[in-house]
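Q: My file is query-v3.tsv. It has TSV, C-alpha atoms:
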```
chain	number	residue	atom	x	y	z
A	23	MET	CA	140.65	-25.09	114.26
A	24	THR	CA	140.83	-25.06	118.07
A	25	THR	CA	140.47	-28.40	119.82
A	26	SER	CA	137.67	-28.54	122.38
A	27	CYS	CA	138.40	-30.38	125.61
A	28	ILE	CA	136.34	-31.12	128.70
A	29	CYS	CA	137.23	-31.57	132.35
A	30	VAL	CA	134.70	-33.48	134.47
A	31	THR	CA	134.57	-33.51	138.29
A	32	LEU	CA	133.12	-36.61	139.97
A	33	ASN	CA	132.92	-37.82	143.57
A	34	SER	CA	133.73	-41.46	144.36
A	35	CYS	CA	130.98	-43.26	146.29
A	36	LEU	CA	133.62	-45.56	147.78
A	37	THR	CA	136.01	-42.93	149.16
A	38	GLY	CA	133.95	-39.73	148.99
A	39	LEU	CA	136.92	-37.98	147.36
A	40	PRO	CA	136.81	-35.97	144.11
A	41	VAL	CA	137.99	-37.58	140.86
A	42	TYR	CA	138.92	-35.47	137.82
A	43	TYR	CA	138.57	-36.69	134.21
A	44	TYR	CA	140.10	-34.83	131.23
A	45	THR	CA	139.81	-35.56	127.49
A	46	CYS	CA	140.01	-33.75	124.17
A	47	LYS	CA	138.57	-36.62	122.06
A	48	GLN	CA	134.94	-36.75	123.25
A	49	SER	CA	132.26	-37.47	120.63
A	50	SER	CA	129.02	-35.50	120.19
A	51	GLN	CA	127.00	-38.28	121.89
A	52	GLN	CA	129.37	-38.24	124.86
A	53	THR	CA	129.10	-34.44	125.12
A	54	VAL	CA	125.28	-34.70	125.09
A	55	PHE	CA	125.51	-37.31	127.88
A	56	ILE	CA	127.73	-35.05	130.02
A	57	THR	CA	125.62	-31.92	129.50
A	58	GLY	CA	122.49	-33.90	130.44
A	59	LEU	CA	123.81	-34.77	133.91
A	60	ALA	CA	122.63	-32.84	136.95
A	61	GLN	CA	124.81	-32.07	139.97
A	62	GLY	CA	124.65	-35.02	142.35
A	63	GLN	CA	123.50	-37.40	139.60
A	64	LEU	CA	124.62	-40.98	140.36
A	65	ILE	CA	126.37	-42.68	137.45
A	66	GLU	CA	127.89	-46.13	136.92
A	67	ILE	CA	131.30	-46.40	135.23
A	68	ASN	CA	132.42	-49.84	134.01
A	69	ASP	CA	135.96	-48.84	133.03
A	70	ALA	CA	138.27	-50.41	135.63
A	71	ALA	CA	141.41	-49.40	133.72
A	72	ASN	CA	140.71	-45.71	134.53
A	73	PHE	CA	138.10	-45.89	137.30
A	74	PRO	CA	138.74	-48.57	139.96
A	75	GLU	CA	135.26	-48.16	141.54
A	76	THR	CA	131.84	-48.41	139.90
A	77	TYR	CA	129.66	-45.64	141.40
A	78	TYR	CA	130.33	-41.90	141.24
A	79	THR	CA	128.26	-38.74	141.62
A	80	PHE	CA	128.52	-36.04	138.93
A	81	GLN	CA	129.57	-32.61	140.20
A	82	SER	CA	130.45	-30.34	137.24
A	83	PHE	CA	132.28	-30.05	133.94
A	84	CYS	CA	134.20	-27.37	132.04
A	85	THR	CA	134.71	-26.82	128.32
A	86	ILE	CA	138.21	-25.76	127.27
A	87	PRO	CA	138.78	-23.24	125.74
A	88	GLY	CA	135.99	-21.34	127.44
A	89	VAL	CA	135.07	-19.62	130.63
A	90	ILE	CA	136.18	-21.77	133.53
A	91	SER	CA	134.12	-21.35	136.69
A	92	ASN	CA	135.65	-21.37	140.15
A	93	ALA	CA	133.90	-24.69	140.83
A	94	CYS	CA	135.68	-26.24	137.86
A	95	ARG	CA	139.11	-24.72	138.37
A	96	ALA	CA	140.11	-27.52	140.75
A	97	CYS	CA	139.49	-29.94	137.87
A	98	THR	CA	141.56	-28.08	135.31
A	99	ASP	CA	144.42	-27.44	137.75
A	100	SER	CA	144.52	-30.92	139.29
A	101	PRO	CA	147.89	-32.72	138.91
A	102	ASN	CA	146.10	-36.09	139.31
A	103	GLN	CA	143.69	-35.90	136.39
A	104	ILE	CA	142.62	-39.10	134.64
A	105	GLU	CA	143.76	-38.17	131.13
A	106	ASP	CA	141.92	-40.07	128.41
A	107	ASP	CA	143.84	-39.47	125.17
A	108	ALA	CA	141.60	-41.82	123.19
A	109	GLY	CA	138.39	-40.32	124.62
A	110	LEU	CA	136.74	-43.75	124.97
A	111	SER	CA	135.98	-43.91	128.68
A	112	ILE	CA	132.70	-41.94	128.58
A	113	SER	CA	131.26	-44.73	126.44
A	114	PHE	CA	131.32	-46.83	129.64
A	115	TRP	CA	129.40	-44.21	131.67
A	116	SER	CA	125.65	-44.60	132.30
A	117	LYS	CA	123.03	-43.00	134.54
A	118	SER	CA	122.11	-45.13	137.53
A	119	ASN	CA	118.57	-45.97	138.51
A	120	GLU	CA	119.57	-45.27	142.11
A	121	ALA	CA	119.06	-41.74	143.43
A	122	THR	CA	122.11	-41.77	145.71
A	123	CYS	CA	125.21	-43.85	146.32
A	124	PRO	CA	124.24	-47.46	147.14
A	125	THR	CA	124.32	-48.44	150.80
A	126	ASP	CA	127.32	-50.67	151.32
A	127	ASN	CA	127.24	-53.96	153.18
A	128	ALA	CA	130.55	-54.30	154.98
A	129	PHE	CA	130.30	-58.09	154.90
A	130	ASN	CA	129.78	-58.54	151.17
A	131	ASP	CA	132.21	-61.08	149.75
A	132	VAL	CA	134.66	-60.11	147.04
A	133	TYR	CA	136.93	-62.12	144.75
A	134	VAL	CA	140.42	-61.21	143.60
A	135	LEU	CA	141.60	-61.71	140.02
A	136	THR	CA	145.41	-61.98	140.00
A	137	ASN	CA	147.29	-61.50	136.73
A	138	CYS	CA	149.14	-64.71	135.79
A	139	LEU	CA	152.28	-62.69	135.03
A	140	ALA	CA	152.29	-60.88	138.39
A	141	ASN	CA	153.61	-61.97	141.76
A	142	VAL	CA	150.76	-60.85	144.04
A	143	ILE	CA	149.98	-62.47	147.41
A	144	VAL	CA	146.31	-62.17	148.39
A	145	ASN	CA	144.66	-62.81	151.74
A	146	ASN	CA	141.84	-61.40	153.86
A	147	SER	CA	144.14	-58.92	155.59
A	148	ASN	CA	145.37	-57.15	152.44
A	149	VAL	CA	142.32	-57.19	150.13
A	150	ASP	CA	141.32	-53.67	151.20
A	151	SER	CA	144.72	-52.28	150.17
A	152	ILE	CA	144.67	-53.72	146.62
A	153	GLN	CA	144.25	-51.01	144.00
A	154	ASN	CA	142.72	-52.29	140.78
A	155	SER	CA	145.38	-52.69	138.11
A	156	PRO	CA	144.95	-54.96	135.04
A	157	LEU	CA	148.67	-55.79	135.15
A	158	LEU	CA	148.59	-56.85	138.83
A	159	ALA	CA	145.19	-57.65	140.36
A	160	LEU	CA	141.50	-56.72	140.19
A	161	VAL	CA	139.06	-56.86	143.12
A	162	THR	CA	135.46	-57.51	142.13
A	163	SER	CA	132.05	-57.89	143.71
A	164	SER	CA	131.06	-60.36	140.96
A	165	ASP	CA	130.01	-63.78	142.24
A	166	LEU	CA	132.83	-65.99	140.94
A	167	TYR	CA	132.26	-68.98	143.24
A	168	LEU	CA	132.15	-71.42	140.30
A	169	TYR	CA	135.55	-70.15	139.04
A	170	THR	CA	137.50	-70.28	142.35
A	171	ASP	CA	141.17	-71.34	141.79
A	172	MET	CA	140.62	-71.41	138.02
A	173	ILE	CA	142.23	-69.21	135.35
A	174	VAL	CA	139.86	-66.90	133.45
A	175	LYS	CA	139.80	-64.37	130.65
A	176	LEU	CA	137.75	-61.20	131.14
A	177	ASP	CA	135.71	-59.21	128.66
A	178	GLY	CA	137.77	-56.16	127.69
A	179	TYR	CA	141.09	-57.64	128.86
A	180	ASP	CA	141.88	-60.00	125.98
A	181	ASP	CA	145.66	-59.99	126.52
A	182	ASN	CA	145.56	-60.94	130.22
A	183	CYS	CA	144.82	-64.12	132.16
A	184	TYR	CA	143.73	-64.05	135.80
A	185	LYS	CA	143.63	-66.55	138.68
A	186	VAL	CA	140.40	-66.36	140.73
A	187	SER	CA	140.89	-66.30	144.53
A	188	GLY	CA	138.30	-65.96	147.25
A	189	PRO	CA	135.81	-65.34	148.56
A	190	PHE	CA	137.24	-62.70	150.90
A	191	THR	CA	135.37	-60.50	153.38
A	192	PRO	CA	137.10	-57.10	153.41
A	193	GLY	CA	136.00	-53.90	155.13
A	194	GLU	CA	133.66	-51.27	153.80
A	195	GLY	CA	133.33	-50.75	150.08
A	196	ALA	CA	132.95	-54.39	149.02
A	197	SER	CA	129.66	-53.95	147.19
A	198	LEU	CA	131.00	-50.90	145.35
A	199	ARG	CA	133.77	-52.85	143.66
A	200	PRO	CA	133.41	-53.23	139.85
A	201	THR	CA	131.99	-56.32	138.21
A	202	TYR	CA	133.53	-58.27	135.31
A	203	THR	CA	132.27	-60.68	132.68
A	204	ILE	CA	134.02	-64.05	132.32
A	205	VAL	CA	134.73	-64.92	128.68
A	206	ASN	CA	136.48	-68.27	129.15
A	207	ALA	CA	138.04	-70.42	131.87
A	208	TYR	CA	141.18	-72.63	131.94
A	209	SER	CA	142.86	-75.04	134.34
A	210	THR	CA	146.32	-73.38	134.31
A	211	CYS	CA	147.95	-70.10	133.30
A	212	GLU	CA	149.96	-71.93	130.64
A	213	CYS	CA	146.76	-73.02	128.93
A	214	CYS	CA	145.37	-69.49	128.97
A	215	LEU	CA	148.38	-67.37	128.03
A	216	PRO	CA	148.92	-66.71	124.32
A	217	PHE	CA	151.81	-68.19	122.37
A	218	PRO	CA	155.00	-66.10	122.65
A	219	ALA	CA	155.20	-63.22	120.22
A	220	GLU	CA	157.89	-62.95	117.57
A	221	PRO	CA	161.21	-62.11	119.27
A	222	SER	CA	162.09	-58.46	119.54
A	223	CYS	CA	165.56	-56.92	119.65
A	224	CYS	CA	166.24	-58.11	123.20
A	225	GLU	CA	164.65	-61.54	122.87
A	226	ILE	CA	166.96	-63.98	121.09
A	227	PRO	CA	165.14	-67.15	119.88
A	228	LYS	CA	166.15	-70.39	121.59
A	229	TYR	CA	167.37	-72.02	118.41
A	230	THR	CA	169.97	-69.29	117.72
A	231	GLN	CA	171.68	-69.42	121.11
A	232	LYS	CA	174.93	-71.34	121.25
A	233	PRO	CA	175.00	-74.25	123.73
A	234	ALA	CA	176.68	-73.74	127.07
A	235	LYS	CA	179.97	-75.49	127.74
A	236	ASP	CA	179.46	-78.24	130.34
A	237	PHE	CA	183.05	-78.48	131.52
A	238	PHE	CA	185.64	-76.55	133.55
A	239	ARG	CA	188.44	-74.63	131.94
A	240	ILE	CA	191.90	-76.05	132.68
A	241	THR	CA	193.56	-73.57	135.03
A	242	VAL	CA	196.38	-75.76	136.42
A	243	SER	CA	199.83	-74.34	135.67
A	244	ASP	CA	202.59	-76.28	133.86
A	245	ALA	CA	204.60	-76.49	137.12
A	246	GLU	CA	201.67	-78.09	138.95
A	247	ILE	CA	201.15	-80.60	136.13
A	248	LYS	CA	204.87	-81.53	136.15
A	249	ALA	CA	204.94	-81.98	139.96
A	250	ASN	CA	201.90	-84.29	139.91
A	251	THR	CA	203.19	-86.24	136.89
A	252	ASN	CA	206.62	-86.86	138.47
A	253	PHE	CA	204.98	-87.92	141.72
A	254	ALA	CA	202.63	-90.37	140.00
A	255	ASN	CA	205.23	-91.92	137.66
A	256	ASN	CA	207.90	-92.51	140.31
A	257	TYR	CA	205.56	-93.85	142.97
A	258	TYR	CA	204.07	-96.19	140.35
A	259	LYS	CA	207.58	-97.54	139.65
A	260	LEU	CA	208.14	-97.97	143.40
A	261	PHE	CA	204.80	-99.84	143.70
A	262	MET	CA	205.67	-102.17	140.77
A	263	GLY	CA	209.06	-102.93	142.31
A	264	ILE	CA	207.55	-103.86	145.68
A	265	LYS	CA	204.73	-105.97	144.18
A	266	HIS	CA	206.43	-107.72	141.28
A	267	GLY	CA	210.14	-107.30	141.92
A	268	VAL	CA	210.48	-105.16	138.79
A	269	HIS	CA	213.02	-102.48	139.64
A	270	SER	CA	213.96	-99.39	137.69
A	271	CYS	CA	217.55	-98.95	136.64
A	272	CYS	CA	217.31	-95.33	137.80
A	273	THR	CA	218.50	-94.62	141.33
A	274	GLY	CA	218.78	-91.58	143.54
A	275	ILE	CA	215.05	-90.69	143.45
A	276	ASP	CA	214.19	-88.43	146.39
A	277	TYR	CA	210.68	-89.61	147.33
A	278	ASP	CA	210.45	-87.12	150.20
A	279	GLN	CA	211.03	-84.25	147.78
A	280	LEU	CA	208.37	-85.66	145.44
A	281	TRP	CA	205.87	-85.58	148.33
A	282	ILE	CA	206.84	-82.01	149.21
A	283	ASN	CA	206.48	-80.81	145.61
A	284	LYS	CA	203.08	-82.47	145.28
A	285	GLU	CA	201.79	-80.99	148.55
A	286	ILE	CA	202.99	-77.51	147.52
A	287	SER	CA	201.15	-77.96	144.20
A	288	ASP	CA	197.97	-79.06	145.99
A	289	LEU	CA	198.19	-76.08	148.35
A	290	GLU	CA	198.51	-73.65	145.46
A	291	SER	CA	195.39	-75.15	143.87
A	292	ILE	CA	193.21	-74.46	146.92
A	293	ASN	CA	194.83	-71.26	148.18
A	294	TYR	CA	192.75	-68.45	146.63
A	295	SER	CA	194.50	-65.11	146.51
A	296	THR	CA	192.64	-62.21	148.17
A	297	CYS	CA	195.18	-59.52	147.38
A	298	GLU	CA	193.64	-58.43	144.08
A	299	VAL	CA	190.26	-59.06	142.53
A	300	ILE	CA	190.15	-58.94	138.74
A	301	LEU	CA	186.71	-58.96	137.14
A	302	PRO	CA	186.30	-61.19	134.08
A	303	THR	CA	185.99	-59.49	130.72
A	304	LEU	CA	182.55	-60.94	129.98
A	305	CYS	CA	179.22	-59.96	131.56
A	306	LEU	CA	175.96	-61.87	131.86
A	307	PHE	CA	172.88	-60.94	129.79
A	308	VAL	CA	169.54	-62.09	131.26
A	309	THR	CA	166.47	-62.20	129.00
A	310	GLY	CA	162.81	-61.85	129.96
A	311	ASN	CA	159.45	-61.31	128.33
A	312	ASP	CA	158.04	-57.85	127.52
A	313	ILE	CA	156.82	-57.17	131.07
A	314	CYS	CA	160.03	-58.35	132.73
A	315	GLY	CA	162.50	-56.80	130.28
A	316	SER	CA	166.05	-58.01	129.56
A	317	GLN	CA	169.03	-56.76	131.55
A	318	VAL	CA	172.82	-56.98	131.76
A	319	ALA	CA	173.57	-58.48	135.20
A	320	THR	CA	176.30	-56.89	137.32
A	321	TYR	CA	179.05	-58.83	139.08
A	322	ASN	CA	178.32	-59.50	142.74
A	323	ASP	CA	180.37	-61.41	145.32
A	324	PHE	CA	182.59	-64.43	144.67
A	325	ILE	CA	180.29	-67.13	146.13
A	326	ASN	CA	181.27	-70.79	146.51
A	327	GLY	CA	184.30	-70.32	144.25
A	328	LYS	CA	182.42	-68.65	141.35
A	329	TRP	CA	181.16	-65.18	140.49
A	330	SER	CA	177.55	-64.37	141.32
A	331	PHE	CA	175.40	-61.91	139.36
A	332	LYS	CA	172.66	-59.43	140.29
A	333	PHE	CA	169.97	-57.81	138.15
A	334	THR	CA	166.64	-56.02	138.58
A	335	ARG	CA	163.63	-56.75	136.37
A	336	GLU	CA	161.56	-53.85	135.02
A	337	THR	CA	158.79	-54.93	137.43
A	338	GLY	CA	161.15	-54.19	140.37
A	339	ILE	CA	161.95	-57.82	141.23
A	340	ASN	CA	165.60	-58.26	142.30
A	341	GLY	CA	167.30	-61.46	141.17
A	342	ILE	CA	170.66	-63.00	142.07
A	343	ILE	CA	172.35	-65.95	140.31
A	344	TYR	CA	175.01	-67.91	142.20
A	345	TRP	CA	176.67	-71.34	142.34
A	346	ASP	CA	175.11	-73.89	144.73
A	347	ILE	CA	178.19	-75.84	145.79
A	348	GLN	CA	176.23	-78.51	147.70
A	349	ASN	CA	174.14	-79.55	144.68
A	350	SER	CA	176.64	-78.52	141.96
A	351	TYR	CA	174.31	-76.36	139.89
A	352	TRP	CA	173.45	-72.70	139.37
A	353	VAL	CA	170.38	-71.17	141.03
A	354	ILE	CA	168.43	-67.96	140.46
A	355	VAL	CA	166.94	-66.53	143.64
A	356	ASN	CA	164.47	-63.74	144.46
A	357	GLU	CA	166.82	-61.58	146.54
A	358	ASP	CA	163.94	-59.95	148.45
A	359	THR	CA	162.31	-63.23	149.58
A	360	GLY	CA	165.23	-65.70	149.39
A	361	VAL	CA	163.09	-68.14	147.36
A	362	ILE	CA	164.89	-70.20	144.68
A	363	ALA	CA	162.97	-69.69	141.43
A	364	ALA	CA	164.96	-71.84	138.98
A	365	LYS	CA	168.11	-73.94	138.64
A	366	LEU	CA	170.61	-74.59	135.84
A	367	LEU	CA	171.95	-78.16	135.94
A	368	ILE	CA	175.27	-77.25	134.34
A	369	ASN	CA	178.74	-77.31	135.92
A	370	SER	CA	180.34	-74.26	134.29
A	371	ASP	CA	182.22	-71.07	135.13
A	372	TYR	CA	179.34	-68.90	133.91
A	373	PRO	CA	175.57	-69.56	134.32
A	374	ILE	CA	175.00	-69.76	130.57
A	375	GLY	CA	171.77	-71.57	129.73
A	376	THR	CA	168.94	-71.60	127.24
A	377	ASN	CA	165.30	-71.25	128.18
A	378	ASP	CA	165.01	-75.05	127.98
A	379	GLN	CA	168.04	-75.65	130.23
A	380	TRP	CA	166.77	-73.49	133.11
A	381	VAL	CA	164.40	-75.60	135.25
A	382	VAL	CA	161.54	-74.19	137.37
A	383	VAL	CA	161.93	-74.79	141.14
A	384	ASN	CA	159.34	-72.34	142.51
A	385	LYS	CA	157.28	-70.48	139.93
A	386	SER	CA	158.10	-66.78	140.29
A	387	ALA	CA	157.09	-63.90	138.03
A	388	CYS	CA	160.00	-62.69	135.86
A	389	LEU	CA	162.48	-65.18	137.39
A	390	SER	CA	161.13	-68.41	135.87
A	391	PRO	CA	161.83	-70.02	132.49
A	392	ASP	CA	158.13	-69.59	131.61
A	393	CYS	CA	158.75	-65.82	131.74
A	394	GLY	CA	161.39	-66.02	128.99
A	395	LEU	CA	164.45	-66.62	131.20
A	396	SER	CA	167.69	-67.48	129.43
A	397	THR	CA	171.29	-66.33	129.94
A	398	TRP	CA	174.43	-65.82	127.90
A	399	THR	CA	177.60	-63.69	128.05
A	400	VAL	CA	178.24	-60.32	126.40
A	401	ASP	CA	181.17	-57.96	126.41
A	402	CYS	CA	181.16	-55.90	129.65
A	403	SER	CA	181.41	-52.68	127.65
A	404	TYR	CA	177.73	-53.18	126.78
A	405	TYR	CA	176.79	-52.58	130.41
A	406	ASP	CA	176.99	-48.78	130.18
A	407	ALA	CA	174.99	-48.71	126.96
A	408	ASP	CA	171.33	-49.31	126.24
A	409	PRO	CA	171.08	-53.14	126.04
A	410	CYS	CA	168.95	-52.85	122.90
A	411	ASP	CA	171.82	-51.12	121.11
A	412	ASN	CA	173.89	-54.34	121.28
A	413	CYS	CA	171.45	-57.20	121.51
A	414	ASN	CA	172.93	-59.49	118.88
A	415	GLU	CA	174.35	-62.56	120.55
A	416	PRO	CA	178.19	-62.36	120.58
A	417	GLU	CA	180.18	-64.78	118.48
A	418	ASN	CA	182.34	-65.80	121.45
A	419	VAL	CA	180.40	-66.86	124.51
A	420	VAL	CA	183.27	-68.71	126.22
A	421	ALA	CA	184.24	-67.21	129.58
A	422	GLU	CA	187.65	-65.67	129.68
```
Translate the structure of the given file into structure tokens.
A:
Amino acid sequence: MTTSCICVTLNSCLTGLPVYYYTCKQSSQQTVFITGLAQGQLIEINDAANFPETYYTFQSFCTIPGVISNACRACTDSPNQIEDDAGLSISFWSKSNEATCPTDNAFNDVYVLTNCLANVIVNNSNVDSIQNSPLLALVTSSDLYLYTDMIVKLDGYDDNCYKVSGPFTPGEGASLRPTYTIVNAYSTCECCLPFPAEPSCCEIPKYTQKPAKDFFRITVSDAEIKANTNFANNYYKLFMGIKHGVHSCCTGIDYDQLWINKEISDLESINYSTCEVILPTLCLFVTGNDICGSQVATYNDFINGKWSFKFTRETGINGIIYWDIQNSYWVIVNEDTGVIAAKLLINSDYPIGTNDQWVVVNKSACLSPDCGLSTWTVDCSYYDADPCDNCNEPENVVAE
């Protein structure tokens, strides 16, 4: 049996440009609706996921397989078709009572619904450039004055929470923006967002992660320890002799040489070699929620005496983790903006911390603990592989 498909050509009332819709899953009622439309018929489409505007004029449609007219060939050949695999969108189409595209009022107010999990900055100057996307932001002509600065859930978008901003006065096209129905309202994103899902391969539960070590490794050599010990013991004997008249039976101690040995030891401790850089054998694994993804961070520069790490979230946000020597803690920073998103109050060689140990400084999408941030070390050989092939937490998380 041959599958029947349709390709529908519409014109957007907002832009005046053609829009092409293609599906092979239309129902008989939907087909009757399409065949009943006349050229130039104004229709309303309340399906923001596929159609960012509301009003369109019907131009033509083609049935595939079948004879495709020249007027419809642009639809079938378009590389920018809206492909509807589920065939559900036409259920949101309806004939408008208006005869032509509504006359737009350039000064109509609009409101912006920003996804709680997205980092979108909204103001009057950029409202016109926002393209409706459920994962980022939605611009609506709905009157949401009573919900300004609140968090809402929308009908048809059960998995998302949005912050209401506005009103804004953009350019032309304001009144042609889609409308949305508020289902519920909340005071904060945390109150609205669902509880975290069961951990997947790349999301290790908090209670299974080993605690980070809150101390430095001992890197002083035996020679340095001996020089400092000899210096301390002999100068203590000299001090006791001067203060209490208690003298050691040992003579011939060269105090000048003790000073020289100690100063050489101190110099070695602070004189970092720049002749050869050897990367550690462990790499940093950075977790995130489903939208952010989890990545193996790459070694960056040696900053403030410790290695820094870079990574890029699946949303495109670039993060860098480095040691803040002034405050003696690790920080994670949005590399593009320079804003510190979170800090790890642990004095360690590696920024290893659970979701609870990372503390929010400036809430930032995909760089904050509330977006699933936690860090631990993995073998560097995992870096060239798919992280999900080796997502079990390693037995040894001590830096080498």
Q: Would you list the contacts of segment 39-51 of chain A as an MDAnalysis selection string, taking every protein, DNA or RNA residue within 12 Å and counting all atoms listed in the file, but skipping same-chain residues closer than 3 positions in sequence?
A: chainID A and resid 24:36 54:58 72:75 77:87 94:113 115
Q: Mind listing whatever residues come within 8 Å of the point (138.8, -75.4, 133.4)? Use all atoms listed in the file, file coordinates, and give them as an MDAnalysis selection string.
A: chainID A and resid 172:173 207:210
Q: Using only C-alpha atoms, can you tell me which of A:Phe324, A:Tyr202, A:Trp380, A:Phe253 comes closest to Val161 of chain A?
A: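 The answer is A:Tyr202, which sits nearest to Val161 of chain A.
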Q: Please indicate the distance in Å from atom CA of Val382 of chain A to atom CA of Asp401 of chain A, rounded to one decimal place.
A: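 One can read the atom CA of Val382 of chain A to atom CA of Asp401 of chain A distance as 27.7 Å.
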Q: Determine, counting all atoms listed in the file, which protein, DNA and RNA residues have an atom within 9 Å of an atom of segment 255-265 of chain A; residues of the same chain fewer than 6 positions away are not included. Present the result as a PDB file with C-alpha atoms, keeping the file's coordinate frame.
A:
```
ATOM      1  CA  ILE A 275     215.050 -90.690 143.450  1.00  0.00           C
ATOM      2  CA  TYR A 277     210.680 -89.610 147.330  1.00  0.00           C
ATOM      3  CA  LEU A 280     208.370 -85.660 145.440  1.00  0.00           C
TER       4      LEU A 280
END
```
Q: Skip Pro216 of chain A itself and residues of its chain fewer than 5 positions away, then list as a list in words all residues within 10 Å of it, counting all atoms listed in the file.
A: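 Everything that qualifies: Asp180, Asp181, Asn182, Cys183 and Cys211 of chain A.
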